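Okay, so here's the structure we're looking at.
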Amino acid sequence: MSLKVTVRGDVKKRLKLLTPDKIFEQSQAVLSKLCDLPSYVESNGCCLYLSMGGEVNTDLLLTESFKRNKKVFIPKIIGKRAQDMFMLQVPSMSTINEFAKNNWGIPEPSMDLIEASEDGTYSGLIDVVLLPGVAFDKRCNRIGHGKGYYDSFVDRLTESNIALGKPAPVLIGLALDEQIIDAVPTEAHDRV
């Protein structure tokens with residue numbers, strides 16, 4: 001068994017012990033810290049995942065981003081390959097709340113909506129990516145869920161932004177206290 005698999009298992013066990021109130025409390029603290037970061041405050045567009053249990057509650061962050069008139073992009077997995085993550089621009093929290101929920105209870109845009117939309121990855125509008133993950137360390141390494149979707153997305157977004165004459169996006173990992181570990185094991189293909 002790889003070290004990453006072991007770390008994922010250990011962190012997930014700790015997360016299962018958290019109450020919804022504790023997750024909400026820590027999520028409020030994350031929002032407070034995020035709102036103090038110049039890279040977030042000064043950004044025009046941000047990419048933000050829709051949270052599931054055991055993650056920072058991103059509803060608070062989404063609401064704040066809309067309140068600040070940011071362009072907000074959310075991911076939709078459209079296939080099994082690492083590059084099969086589409087970034088959909090959404091206009092409001094009410095739009096997100098209208099999406100049907102998937103097997104994990106996460107609101108998810110329909111494929112019809114995806115097919116009728118432009119992939120925000122190539123729009124030049126995303127300045128900041130708020131990253132999910134299973135575990136993080138203080139050197140900005142992360143372990144995701146193991147499919148490589150965000151590694152591929154960040155590579156494609158960075159390449160597109162630079163081709164459009166824009167800076168690479170700022171990457172900000174969102175973590176609960178239980179997700180912070182001393183050292184995340186990394187491999188050559190890991191990007192974020």
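By order in the structure tokens, chains are A, B, ...; within a chain, residues start at 1; ligands start at 1, following the order shown.
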
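The residues of range 73-161 of chain A that DSSP assigns to alpha helix (DSSP H) on this backbone come out as A:Met93, A:Ser94, A:Thr95, A:Ile96, A:Asn97, A:Glu98, A:Met111, A:Asp112, A:Leu113, A:Ile114, A:Glu115, A:Tyr149, A:Tyr150, A:Asp151, A:Ser152, A:Phe153, A:Val154, A:Asp155, A:Arg156, A:Leu157, A:Thr158, A:Glu159, A:Ser160, A:Asn161.
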
Residue neighbourhood range 85-89 of chain A, 9 Å, only C-alpha atoms, exclusion window fewer than 3 positions, as a PDB file with N, CA, C and O atoms, in the first residue's frame:
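As written to disk, out_32.pdb reads:
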ATOM      1  N   CYS A  47     -12.187  29.924  -8.817  1.00  0.00           N
ATOM      2  CA  CYS A  47     -12.682  28.569  -9.022  1.00  0.00           C
ATOM      3  C   CYS A  47     -12.847  27.965  -7.639  1.00  0.00           C
ATOM      4  O   CYS A  47     -11.938  28.052  -6.815  1.00  0.00           O
ATOM      5  N   LYS A  71     -16.409  36.596 -10.431  1.00  0.00           N
ATOM      6  CA  LYS A  71     -16.854  35.576 -11.365  1.00  0.00           C
ATOM      7  C   LYS A  71     -16.519  34.242 -10.698  1.00  0.00           C
ATOM      8  O   LYS A  71     -15.380  34.002 -10.313  1.00  0.00           O
ATOM      9  N   VAL A  72     -17.512  33.393 -10.551  1.00  0.00           N
ATOM     10  CA  VAL A  72     -17.342  32.138  -9.816  1.00  0.00           C
ATOM     11  C   VAL A  72     -17.476  30.965 -10.780  1.00  0.00           C
ATOM     12  O   VAL A  72     -18.424  30.884 -11.564  1.00  0.00           O
ATOM     13  N   PHE A  73     -16.503  30.059 -10.699  1.00  0.00           N
ATOM     14  CA  PHE A  73     -16.479  28.854 -11.528  1.00  0.00           C
ATOM     15  C   PHE A  73     -16.490  27.631 -10.624  1.00  0.00           C
ATOM     16  O   PHE A  73     -15.788  27.602  -9.609  1.00  0.00           O
ATOM     17  N   ILE A  74     -17.295  26.639 -10.996  1.00  0.00           N
ATOM     18  CA  ILE A  74     -17.362  25.390 -10.229  1.00  0.00           C
ATOM     19  C   ILE A  74     -17.026  24.218 -11.154  1.00  0.00           C
ATOM     20  O   ILE A  74     -17.278  24.275 -12.351  1.00  0.00           O
ATOM     21  N   PRO A  75     -16.451  23.152 -10.594  1.00  0.00           N
ATOM     22  CA  PRO A  75     -16.059  22.014 -11.438  1.00  0.00           C
ATOM     23  C   PRO A  75     -17.202  21.054 -11.709  1.00  0.00           C
ATOM     24  O   PRO A  75     -18.117  20.899 -10.914  1.00  0.00           O
ATOM     25  N   LYS A  76     -17.102  20.402 -12.856  1.00  0.00           N
ATOM     26  CA  LYS A  76     -17.987  19.285 -13.210  1.00  0.00           C
ATOM     27  C   LYS A  76     -17.102  18.238 -13.869  1.00  0.00           C
ATOM     28  O   LYS A  76     -16.418  18.524 -14.854  1.00  0.00           O
ATOM     29  N   ILE A  77     -17.112  17.047 -13.317  1.00  0.00           N
ATOM     30  CA  ILE A  77     -16.364  15.935 -13.901  1.00  0.00           C
ATOM     31  C   ILE A  77     -17.208  15.386 -15.059  1.00  0.00           C
ATOM     32  O   ILE A  77     -18.377  15.037 -14.871  1.00  0.00           O
ATOM     33  N   ILE A  78     -16.606  15.331 -16.241  1.00  0.00           N
ATOM     34  CA  ILE A  78     -17.358  14.914 -17.430  1.00  0.00           C
ATOM     35  C   ILE A  78     -16.824  13.612 -18.037  1.00  0.00           C
ATOM     36  O   ILE A  78     -17.302  13.195 -19.086  1.00  0.00           O
ATOM     37  N   GLY A  79     -15.859  12.994 -17.392  1.00  0.00           N
ATOM     38  CA  GLY A  79     -15.295  11.738 -17.881  1.00  0.00           C
ATOM     39  C   GLY A  79     -14.348  11.153 -16.854  1.00  0.00           C
ATOM     40  O   GLY A  79     -14.226  11.668 -15.737  1.00  0.00           O
ATOM     41  N   ARG A  81     -10.959  10.524 -17.429  1.00  0.00           N
ATOM     42  CA  ARG A  81      -9.559  10.920 -17.586  1.00  0.00           C
ATOM     43  C   ARG A  81      -9.267  12.141 -16.704  1.00  0.00           C
ATOM     44  O   ARG A  81     -10.160  12.939 -16.417  1.00  0.00           O
ATOM     45  N   ALA A  82      -8.030  12.320 -16.301  1.00  0.00           N
ATOM     46  CA  ALA A  82      -7.643  13.440 -15.431  1.00  0.00           C
ATOM     47  C   ALA A  82      -8.018  14.787 -16.043  1.00  0.00           C
ATOM     48  O   ALA A  82      -8.357  15.726 -15.326  1.00  0.00           O
ATOM     49  N   PRO A 109     -24.274  20.588 -11.913  1.00  0.00           N
ATOM     50  CA  PRO A 109     -24.927  21.065 -13.138  1.00  0.00           C
ATOM     51  C   PRO A 109     -25.182  19.907 -14.106  1.00  0.00           C
ATOM     52  O   PRO A 109     -24.452  18.921 -14.114  1.00  0.00           O
ATOM     53  N   LEU A 113     -26.391  21.698 -19.575  1.00  0.00           N
ATOM     54  CA  LEU A 113     -25.847  23.020 -19.246  1.00  0.00           C
ATOM     55  C   LEU A 113     -24.366  23.090 -19.592  1.00  0.00           C
ATOM     56  O   LEU A 113     -23.890  24.082 -20.152  1.00  0.00           O
ATOM     57  N   ILE A 114     -23.632  22.040 -19.280  1.00  0.00           N
ATOM     58  CA  ILE A 114     -22.194  21.990 -19.592  1.00  0.00           C
ATOM     59  C   ILE A 114     -21.982  22.108 -21.100  1.00  0.00           C
ATOM     60  O   ILE A 114     -21.148  22.882 -21.567  1.00  0.00           O
ATOM     61  N   SER A 117     -22.211  25.559 -22.502  1.00  0.00           N
ATOM     62  CA  SER A 117     -21.369  26.561 -21.842  1.00  0.00           C
ATOM     63  C   SER A 117     -19.922  26.468 -22.308  1.00  0.00           C
ATOM     64  O   SER A 117     -19.473  25.436 -22.803  1.00  0.00           O
ATOM     65  N   GLU A 118     -19.191  27.562 -22.084  1.00  0.00           N
ATOM     66  CA  GLU A 118     -17.757  27.601 -22.368  1.00  0.00           C
ATOM     67  C   GLU A 118     -17.005  27.095 -21.137  1.00  0.00           C
ATOM     68  O   GLU A 118     -17.366  27.414 -20.005  1.00  0.00           O
ATOM     69  N   ASP A 119     -15.954  26.315 -21.351  1.00  0.00           N
ATOM     70  CA  ASP A 119     -15.119  25.845 -20.244  1.00  0.00           C
ATOM     71  C   ASP A 119     -14.283  27.012 -19.736  1.00  0.00           C
ATOM     72  O   ASP A 119     -13.439  27.540 -20.450  1.00  0.00           O
ATOM     73  N   GLY A 120     -14.526  27.428 -18.509  1.00  0.00           N
ATOM     74  CA  GLY A 120     -13.827  28.558 -17.907  1.00  0.00           C
ATOM     75  C   GLY A 120     -12.328  28.370 -17.789  1.00  0.00           C
ATOM     76  O   GLY A 120     -11.585  29.343 -17.595  1.00  0.00           O
ATOM     77  N   THR A 121     -11.856  27.143 -17.930  1.00  0.00           N
ATOM     78  CA  THR A 121     -10.422  26.864 -17.875  1.00  0.00           C
ATOM     79  C   THR A 121      -9.665  27.716 -18.890  1.00  0.00           C
ATOM     80  O   THR A 121      -8.537  28.142 -18.635  1.00  0.00           O
ATOM     81  N   TYR A 149      -7.544  15.045 -11.236  1.00  0.00           N
ATOM     82  CA  TYR A 149      -8.335  16.076 -11.911  1.00  0.00           C
ATOM     83  C   TYR A 149      -7.780  17.480 -11.684  1.00  0.00           C
ATOM     84  O   TYR A 149      -7.665  18.267 -12.622  1.00  0.00           O
ATOM     85  N   TYR A 150      -7.449  17.811 -10.432  1.00  0.00           N
ATOM     86  CA  TYR A 150      -6.961  19.166 -10.156  1.00  0.00           C
ATOM     87  C   TYR A 150      -5.540  19.385 -10.660  1.00  0.00           C
ATOM     88  O   TYR A 150      -5.211  20.478 -11.104  1.00  0.00           O
ATOM     89  N   SER A 152      -4.281  18.153 -13.390  1.00  0.00           N
ATOM     90  CA  SER A 152      -4.466  18.408 -14.818  1.00  0.00           C
ATOM     91  C   SER A 152      -5.109  19.777 -15.049  1.00  0.00           C
ATOM     92  O   SER A 152      -4.671  20.539 -15.922  1.00  0.00           O
ATOM     93  N   PHE A 153      -6.134  20.091 -14.276  1.00  0.00           N
ATOM     94  CA  PHE A 153      -6.820  21.379 -14.429  1.00  0.00           C
ATOM     95  C   PHE A 153      -5.858  22.545 -14.212  1.00  0.00           C
ATOM     96  O   PHE A 153      -5.817  23.492 -15.011  1.00  0.00           O
TER      97      PHE A 153
END

TODO: Would you please work out which residue, of A:Leu17, A:Val41, A:Ala175, A:Ile143, is nearest to Val5 in chain A when using only C-alpha atoms?
DONE: A:Ile143

Open item on the list: I need the residues of range 47-180 of chain A that end up classed as strand (DSSP E or B) by DSSP on the backbone, written out as JSON, numbers by chain.
Closed with: {"A": [47, 48, 71, 72, 73, 74, 75, 76, 77, 85, 86, 87, 88, 89, 90, 100, 101, 107, 108, 128, 129, 130, 131, 135, 136, 142, 143, 170, 171, 172, 173, 180]}

Task: Lys138 in chain A surroundings by only C-alpha atoms, 12 Å radius, close-in-sequence under 6 positions cut, as an MDAnalysis selection string - done: chainID A and resid 172:173 175 177 179:184

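Residue neighbourhood of Asn57 in chain A, excluding near-sequence residues (fewer than 5 positions): Pro20, Asp21, Lys22, Ile23, Phe24, Glu25, Gln26, Ser27, Gln28, Ala29, Val30, Leu31, Leu48, Tyr49, Leu50, Ser51, Met52, Leu62, Thr63, Ile106, Pro132, Leu174, Ala175 and Leu176 of chain A, at 12 Å, using only C-alpha atoms.
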
Keeping only N, CA, C and O atoms, take the residues you just selected and write them out as a short mmCIF file (atom, residue, chain, number, x, y, z; two decimals), in the first residue's frame.
data_model
loop_
_atom_site.label_atom_id
_atom_site.label_comp_id
_atom_site.auth_asym_id
_atom_site.auth_seq_id
_atom_site.Cartn_x
_atom_site.Cartn_y
_atom_site.Cartn_z
N PRO A 20 -20.93 18.17 12.49
CA PRO A 20 -21.25 19.24 11.54
C PRO A 20 -21.00 20.64 12.12
O PRO A 20 -20.55 21.53 11.40
N ASP A 21 -21.24 20.81 13.41
CA ASP A 21 -20.99 22.11 14.05
C ASP A 21 -19.50 22.46 14.03
O ASP A 21 -19.13 23.61 13.79
N LYS A 22 -18.65 21.47 14.28
CA LYS A 22 -17.20 21.71 14.27
C LYS A 22 -16.73 22.05 12.85
O LYS A 22 -15.90 22.95 12.68
N ILE A 23 -17.26 21.35 11.86
CA ILE A 23 -16.89 21.66 10.46
C ILE A 23 -17.33 23.07 10.11
O ILE A 23 -16.57 23.83 9.50
N PHE A 24 -18.54 23.45 10.52
CA PHE A 24 -19.03 24.80 10.23
C PHE A 24 -18.16 25.85 10.91
O PHE A 24 -17.79 26.85 10.31
N GLU A 25 -17.80 25.61 12.17
CA GLU A 25 -16.95 26.55 12.92
C GLU A 25 -15.59 26.72 12.23
O GLU A 25 -15.11 27.85 12.03
N GLN A 26 -14.97 25.62 11.83
CA GLN A 26 -13.68 25.71 11.14
C GLN A 26 -13.83 26.36 9.76
O GLN A 26 -12.95 27.09 9.32
N SER A 27 -14.96 26.11 9.10
CA SER A 27 -15.21 26.72 7.79
C SER A 27 -15.33 28.23 7.90
O SER A 27 -14.85 28.97 7.04
N GLN A 28 -15.96 28.70 8.97
CA GLN A 28 -16.04 30.14 9.21
C GLN A 28 -14.65 30.74 9.41
O GLN A 28 -14.36 31.83 8.92
N ALA A 29 -13.77 30.02 10.11
CA ALA A 29 -12.40 30.49 10.32
C ALA A 29 -11.64 30.54 8.99
O ALA A 29 -10.88 31.48 8.74
N VAL A 30 -11.86 29.55 8.12
CA VAL A 30 -11.23 29.55 6.79
C VAL A 30 -11.70 30.76 6.00
O VAL A 30 -10.90 31.46 5.37
N LEU A 31 -13.00 31.04 6.03
CA LEU A 31 -13.55 32.20 5.32
C LEU A 31 -12.90 33.49 5.83
O LEU A 31 -12.50 34.35 5.04
N LEU A 48 -14.02 27.39 -7.40
CA LEU A 48 -14.33 26.89 -6.07
C LEU A 48 -15.14 25.60 -6.19
O LEU A 48 -16.12 25.56 -6.93
N TYR A 49 -14.72 24.57 -5.48
CA TYR A 49 -15.45 23.30 -5.51
C TYR A 49 -16.70 23.39 -4.63
O TYR A 49 -16.82 24.24 -3.75
N LEU A 50 -17.65 22.50 -4.89
CA LEU A 50 -18.84 22.38 -4.05
C LEU A 50 -18.56 21.26 -3.06
O LEU A 50 -18.27 20.14 -3.45
N SER A 51 -18.62 21.59 -1.78
CA SER A 51 -18.14 20.67 -0.75
C SER A 51 -19.09 19.51 -0.47
O SER A 51 -20.29 19.58 -0.68
N MET A 52 -18.47 18.44 0.04
CA MET A 52 -19.21 17.30 0.55
C MET A 52 -18.81 17.13 2.01
O MET A 52 -17.97 17.87 2.51
N LEU A 62 -18.64 30.54 -1.29
CA LEU A 62 -19.38 30.88 -2.50
C LEU A 62 -20.22 32.13 -2.28
O LEU A 62 -20.20 33.05 -3.10
N THR A 63 -20.94 32.15 -1.17
CA THR A 63 -21.79 33.31 -0.86
C THR A 63 -20.96 34.58 -0.78
O THR A 63 -21.33 35.62 -1.33
N ILE A 106 -23.87 16.41 -3.54
CA ILE A 106 -23.30 17.67 -4.02
C ILE A 106 -24.15 18.18 -5.18
O ILE A 106 -24.42 17.42 -6.12
N PRO A 132 -9.67 21.77 -3.17
CA PRO A 132 -10.00 20.75 -2.18
C PRO A 132 -8.82 19.81 -2.02
O PRO A 132 -7.86 19.87 -2.79
N LEU A 174 -7.87 24.64 0.74
CA LEU A 174 -8.84 24.83 1.82
C LEU A 174 -8.85 23.57 2.69
O LEU A 174 -9.12 22.48 2.19
N ALA A 175 -8.54 23.75 3.98
CA ALA A 175 -8.41 22.58 4.84
C ALA A 175 -8.98 22.82 6.23
O ALA A 175 -8.88 23.93 6.77
N LEU A 176 -9.53 21.76 6.78
CA LEU A 176 -9.88 21.73 8.19
C LEU A 176 -8.62 21.37 8.97
O LEU A 176 -7.67 20.81 8.40
#

TODO: Find the residues around Val134 in chain A up to 8 Å (only C-alpha atoms counted), leave out those fewer than 2 positions away in its own chain, and share them as a PyMOL selection string.
DONE: chain A and resi 8+11-12+132+136+142-145+179

Take the residues from that selection and put them in a file with N, CA, C and O atoms, as a short mmCIF file (atom, residue, chain, number, x, y, z; two decimals), in the first residue's frame.
data_model
loop_
_atom_site.label_atom_id
_atom_site.label_comp_id
_atom_site.auth_asym_id
_atom_site.auth_seq_id
_atom_site.Cartn_x
_atom_site.Cartn_y
_atom_site.Cartn_z
N ARG A 8 -4.34 9.13 3.19
CA ARG A 8 -5.76 9.37 2.90
C ARG A 8 -6.65 8.67 3.92
O ARG A 8 -7.59 9.25 4.45
N VAL A 11 -6.39 10.38 7.48
CA VAL A 11 -7.06 11.68 7.55
C VAL A 11 -8.57 11.50 7.48
O VAL A 11 -9.32 12.13 8.23
N LYS A 12 -9.04 10.62 6.62
CA LYS A 12 -10.49 10.39 6.50
C LYS A 12 -11.08 9.87 7.81
O LYS A 12 -12.20 10.22 8.17
N PRO A 132 -9.67 21.77 -3.17
CA PRO A 132 -10.00 20.75 -2.18
C PRO A 132 -8.82 19.81 -2.02
O PRO A 132 -7.86 19.87 -2.79
N PHE A 136 -3.04 18.23 3.57
CA PHE A 136 -2.18 19.34 3.18
C PHE A 136 -1.04 19.45 4.19
O PHE A 136 -1.18 19.03 5.33
N ARG A 142 -0.29 18.94 -1.32
CA ARG A 142 -1.60 18.39 -1.01
C ARG A 142 -1.73 16.99 -1.59
O ARG A 142 -1.06 16.64 -2.55
N ILE A 143 -2.60 16.23 -0.97
CA ILE A 143 -3.03 14.95 -1.51
C ILE A 143 -4.50 15.12 -1.83
O ILE A 143 -5.30 15.47 -0.96
N GLY A 144 -4.84 14.86 -3.08
CA GLY A 144 -6.25 14.90 -3.47
C GLY A 144 -6.88 13.54 -3.27
O GLY A 144 -6.40 12.71 -2.50
N HIS A 145 -7.93 13.30 -4.03
CA HIS A 145 -8.63 12.02 -3.92
C HIS A 145 -8.03 10.95 -4.83
O HIS A 145 -8.51 9.83 -4.86
N GLN A 179 -6.98 18.03 8.54
CA GLN A 179 -6.39 17.71 7.24
C GLN A 179 -4.95 18.19 7.11
O GLN A 179 -4.29 17.90 6.11
#

Open item on the list: Counting only C-alpha atoms, which residue out of A:Leu125, A:Asn97, A:Lys16, A:Gln83 sits closest to Lys166 in chain A?
Closed with: A:Leu125

Open item on the list: Taking only C-alpha atoms into account, name the residue in A:Pro169, A:Gly53, A:Glu115, A:Lys80 that is nearest to Leu18 in chain A.
Closed with: A:Gly53

- [ ] Using only C-alpha atoms, pick whichever of A:Glu42, A:Asp84, A:Glu108, A:Glu64 has the shortest atom-to-atom distance to Asp127 in chain A.
- [x]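 Closest to Asp127 in chain A of all the choices is A:Glu42.
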
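Put simply, CA of Glu55 in chain A is 10.0 Å away from CA of Glu178 in chain A.
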